[in-house]
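I have placed the structure first, in the form of structure tokens, so that the comments after it can refer back to it.
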Amino acid sequence: MSANQPGTFSRIGNLVKNRKILALLVRRDLKVRYADSVLGYVWSILDPLMMALIFWFVFTKIFSRGVGEDPYIVFLLAAMLPFNWFQNAINDSANALRGSARLIRSTALPREIWVVRLVFSKGIEFLLSLPVILAFAIFGGAAFNWQLLYFVPAMIIQILLITGLGLIISPLVVMVRDVERIVKIGMRFLFYATPVIYGLGDIYEAGISGFIRTLYILNPMAGLISLYRSGFFPDQLHWDAVIASACVSLIIFFIGWRVFAKLENQILKEL
């Protein structure tokens, strides 16, 4: 393990040295995304917002809801917006290298930068969407508490998780295009397998134990959503899932850098 660390940390250090270029690429991504848009960044939150409103209507006006907490729209958005960041970044990272093939071949920039830029550009879109949660929380009468500060470590852990997964997925897609389709299908499954429309506590209260419960706890997004929600719903904080999320995300982060380094030469031949 220690023999592998210098190579990994030197790559991370090289990326840090190019942080100004990374920031420039992030700004370019955001400008391109909103270049011809009247509503601008609002489009990045309309999809999760509309989905949350649909689920809110279905589970509060049509069906009897036995999961989540009130106000349910805040409960949903506190999970859907972070999950949307996760999903969009992973889906886009699948095409991160192929979409920038010409620049990758013609520049000496660390190749990881083309994946990491997506993590941060989608992260900025997530930050810009936070006023939506706050607005619904204020008008819906949600309680605020000091655990809103947990948004910060939750974002740091999520950056590690998305970066690691992106560095694993992006080179695999270059070599096997079917991986991109698998990722999209996996994201749809993961949405329902993650406590987004329900809470992690609902899993515990349902009496689910053994292997299934372990899978829920090991799902890093479960612990992250627990952190995000705790600022409005303290009972949603489950430290076992949070600790598991941090550990799994850190492991995936370092595995991602190692996988990318190992496949880099093959990537350049395919691009």
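Residue names in the structure tokens use chain letters A, B, ... in the order shown, residue numbers from 1 in each chain, and ligand numbers from 1 in the order shown.
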
task = From stretch 71-117 of chain A, collect each residue whose DSSP state is alpha helix (DSSP H) and return the set as a ChimeraX atom specification.
result = /A:72-93,101-106,113-117

task = Identify, on the basis of only C-alpha atoms, every residue whose closest approach to stretch 218-221 of chain A does not exceed 7 Å; exclude the query and any residue fewer than 6 positions from it along the same chain; express the result as a list in words.
result = Thr194, Ala241, Ala244, Ser245, Val248 and Ser249 of chain A

ask   = stretch 167-180 of chain A: which residues within 6 Å, counting only C-alpha atoms, same-chain residues fewer than 5 positions away excluded, as a PyMOL selection string?
value = chain A and resi 93-94+256+260

Could the residues in this selection be written to a file with N, CA and C atoms, as a tab-separated table (two decimals), in the first residue's frame?
chain	number	residue	atom	x	y	z
A	93	SER	N	-19.19	12.25	-16.35
A	93	SER	CA	-17.81	11.78	-16.31
A	93	SER	C	-17.60	10.59	-17.24
A	94	ALA	N	-18.69	9.88	-17.55
A	94	ALA	CA	-18.58	8.74	-18.47
A	94	ALA	C	-18.06	9.18	-19.83
A	256	GLY	N	-9.75	5.11	-7.33
A	256	GLY	CA	-9.95	5.82	-8.60
A	256	GLY	C	-8.66	6.36	-9.18
A	260	PHE	N	-7.06	4.97	-12.68
A	260	PHE	CA	-6.82	5.92	-13.77
A	260	PHE	C	-5.36	5.89	-14.21

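Neighbouring residues of A:Val26 at 7 Å or closer, counting only C-alpha atoms and skipping chain neighbours under 6 positions away, are A:Arg117, A:Phe120, A:Ser121.
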
Output file for the residues above (C-alpha atoms, as a PDB file, in the first residue's frame):
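File produced: selection-v6.pdb:
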ATOM      1  CA  ARG A 117     -13.605  19.698 -13.535  1.00  0.00           C
ATOM      2  CA  PHE A 120     -16.639  20.916  -9.270  1.00  0.00           C
ATOM      3  CA  SER A 121     -18.854  22.401 -11.985  1.00  0.00           C
TER       4      SER A 121
END

message = Neighbouring residues of A:Phe86 were defined as those with any atom within 9 Å, considering only C-alpha atoms; residues of the same chain fewer than 3 positions away were excluded. Please report them as a list in words.
response = Leu81, Pro82, Phe83, Ala89, Ile90, Asn91, Val119, Lys122, Gly123, Gln158, Ile159, Leu161, Ile162 and Met221 of chain A

Any chance you can output those residues with N, CA and C atoms as a short mmCIF file (atom, residue, chain, number, x, y, z; two decimals), in the first residue's frame?
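Wrote it out as result_17.cif, contents follow:
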data_model
loop_
_atom_site.label_atom_id
_atom_site.label_comp_id
_atom_site.auth_asym_id
_atom_site.auth_seq_id
_atom_site.Cartn_x
_atom_site.Cartn_y
_atom_site.Cartn_z
N LEU A 81 -31.37 17.09 -4.26
CA LEU A 81 -30.37 17.99 -4.82
C LEU A 81 -28.95 17.42 -4.70
N PRO A 82 -28.54 16.88 -3.54
CA PRO A 82 -27.23 16.22 -3.50
C PRO A 82 -27.15 15.01 -4.42
N PHE A 83 -28.25 14.24 -4.50
CA PHE A 83 -28.22 13.07 -5.38
C PHE A 83 -28.14 13.51 -6.84
N ALA A 89 -22.86 14.34 -12.23
CA ALA A 89 -21.41 14.28 -12.33
C ALA A 89 -20.94 12.91 -12.81
N ILE A 90 -21.54 11.85 -12.30
CA ILE A 90 -21.15 10.50 -12.71
C ILE A 90 -21.53 10.25 -14.17
N ASN A 91 -22.74 10.64 -14.56
CA ASN A 91 -23.17 10.45 -15.95
C ASN A 91 -22.28 11.22 -16.91
N VAL A 119 -16.72 17.37 -11.52
CA VAL A 119 -17.11 17.25 -10.12
C VAL A 119 -17.38 18.62 -9.53
N LYS A 122 -20.45 20.65 -11.39
CA LYS A 122 -21.74 20.16 -10.89
C LYS A 122 -21.92 20.51 -9.42
N GLY A 123 -20.81 20.57 -8.69
CA GLY A 123 -20.88 20.97 -7.28
C GLY A 123 -21.30 22.42 -7.13
N GLN A 158 -18.56 13.98 -0.43
CA GLN A 158 -19.16 13.72 -1.74
C GLN A 158 -18.19 14.03 -2.87
N ILE A 159 -17.37 15.05 -2.71
CA ILE A 159 -16.35 15.35 -3.73
C ILE A 159 -15.38 14.18 -3.86
N LEU A 161 -15.98 11.04 -3.15
CA LEU A 161 -16.71 9.91 -3.73
C LEU A 161 -16.88 10.06 -5.23
N ILE A 162 -17.35 11.22 -5.68
CA ILE A 162 -17.60 11.42 -7.11
C ILE A 162 -16.30 11.41 -7.89
N MET A 221 -23.91 7.18 -0.45
CA MET A 221 -24.89 8.26 -0.57
C MET A 221 -25.90 8.24 0.57
#

request  = Within 12 Å of stretch 13-21 of chain A, counting only C-alpha atoms, which residues show up once you throw out same-chain ones fewer than 2 positions away? Write them as a list in words, please.
outcome  = Gln5, Pro6, Gly7, Thr8, Phe9, Ser10, Arg11, Ala23, Leu24, Leu25, Val26, Arg27, Arg28, Thr107, Ala108, Leu109, Pro110, Arg111, Glu112, Ile113, Trp114, Val115, Val116, Arg117, Phe120 and Trp257 of chain A

Could you write out the selected residues, including C-alpha atoms, as a PDB file, in the first residue's frame?
ATOM      1  CA  GLN A   5       0.866   6.069  -2.259  1.00  0.00           C
ATOM      2  CA  PRO A   6       3.746   8.237  -3.623  1.00  0.00           C
ATOM      3  CA  GLY A   7       2.485   7.856  -7.196  1.00  0.00           C
ATOM      4  CA  THR A   8      -1.064   8.652  -6.184  1.00  0.00           C
ATOM      5  CA  PHE A   9      -0.158  11.640  -4.038  1.00  0.00           C
ATOM      6  CA  SER A  10       2.220  13.016  -6.684  1.00  0.00           C
ATOM      7  CA  ARG A  11      -0.646  12.924  -9.189  1.00  0.00           C
ATOM      8  CA  ALA A  23     -10.832  26.731 -12.087  1.00  0.00           C
ATOM      9  CA  LEU A  24     -10.728  28.102 -15.642  1.00  0.00           C
ATOM     10  CA  LEU A  25     -12.159  24.847 -17.030  1.00  0.00           C
ATOM     11  CA  VAL A  26     -14.906  24.850 -14.407  1.00  0.00           C
ATOM     12  CA  ARG A  27     -15.884  28.419 -15.330  1.00  0.00           C
ATOM     13  CA  ARG A  28     -15.844  27.479 -19.012  1.00  0.00           C
ATOM     14  CA  THR A 107      -1.941  19.473 -23.922  1.00  0.00           C
ATOM     15  CA  ALA A 108       0.360  18.384 -21.117  1.00  0.00           C
ATOM     16  CA  LEU A 109      -2.256  18.866 -18.433  1.00  0.00           C
ATOM     17  CA  PRO A 110      -2.851  16.017 -15.963  1.00  0.00           C
ATOM     18  CA  ARG A 111      -5.554  13.892 -17.591  1.00  0.00           C
ATOM     19  CA  GLU A 112      -7.473  13.613 -14.337  1.00  0.00           C
ATOM     20  CA  ILE A 113      -8.334  17.299 -14.651  1.00  0.00           C
ATOM     21  CA  TRP A 114     -10.957  16.535 -17.317  1.00  0.00           C
ATOM     22  CA  VAL A 115     -12.878  14.426 -14.824  1.00  0.00           C
ATOM     23  CA  VAL A 116     -12.341  16.588 -11.734  1.00  0.00           C
ATOM     24  CA  ARG A 117     -13.605  19.698 -13.535  1.00  0.00           C
ATOM     25  CA  PHE A 120     -16.639  20.916  -9.270  1.00  0.00           C
ATOM     26  CA  TRP A 257      -6.562   7.496  -8.831  1.00  0.00           C
TER      27      TRP A 257
END

Counting only C-alpha atoms, the residue of A:Arg98, A:Arg229, A:Arg181, A:Arg188 that sits nearest A:Leu200 = A:Arg229
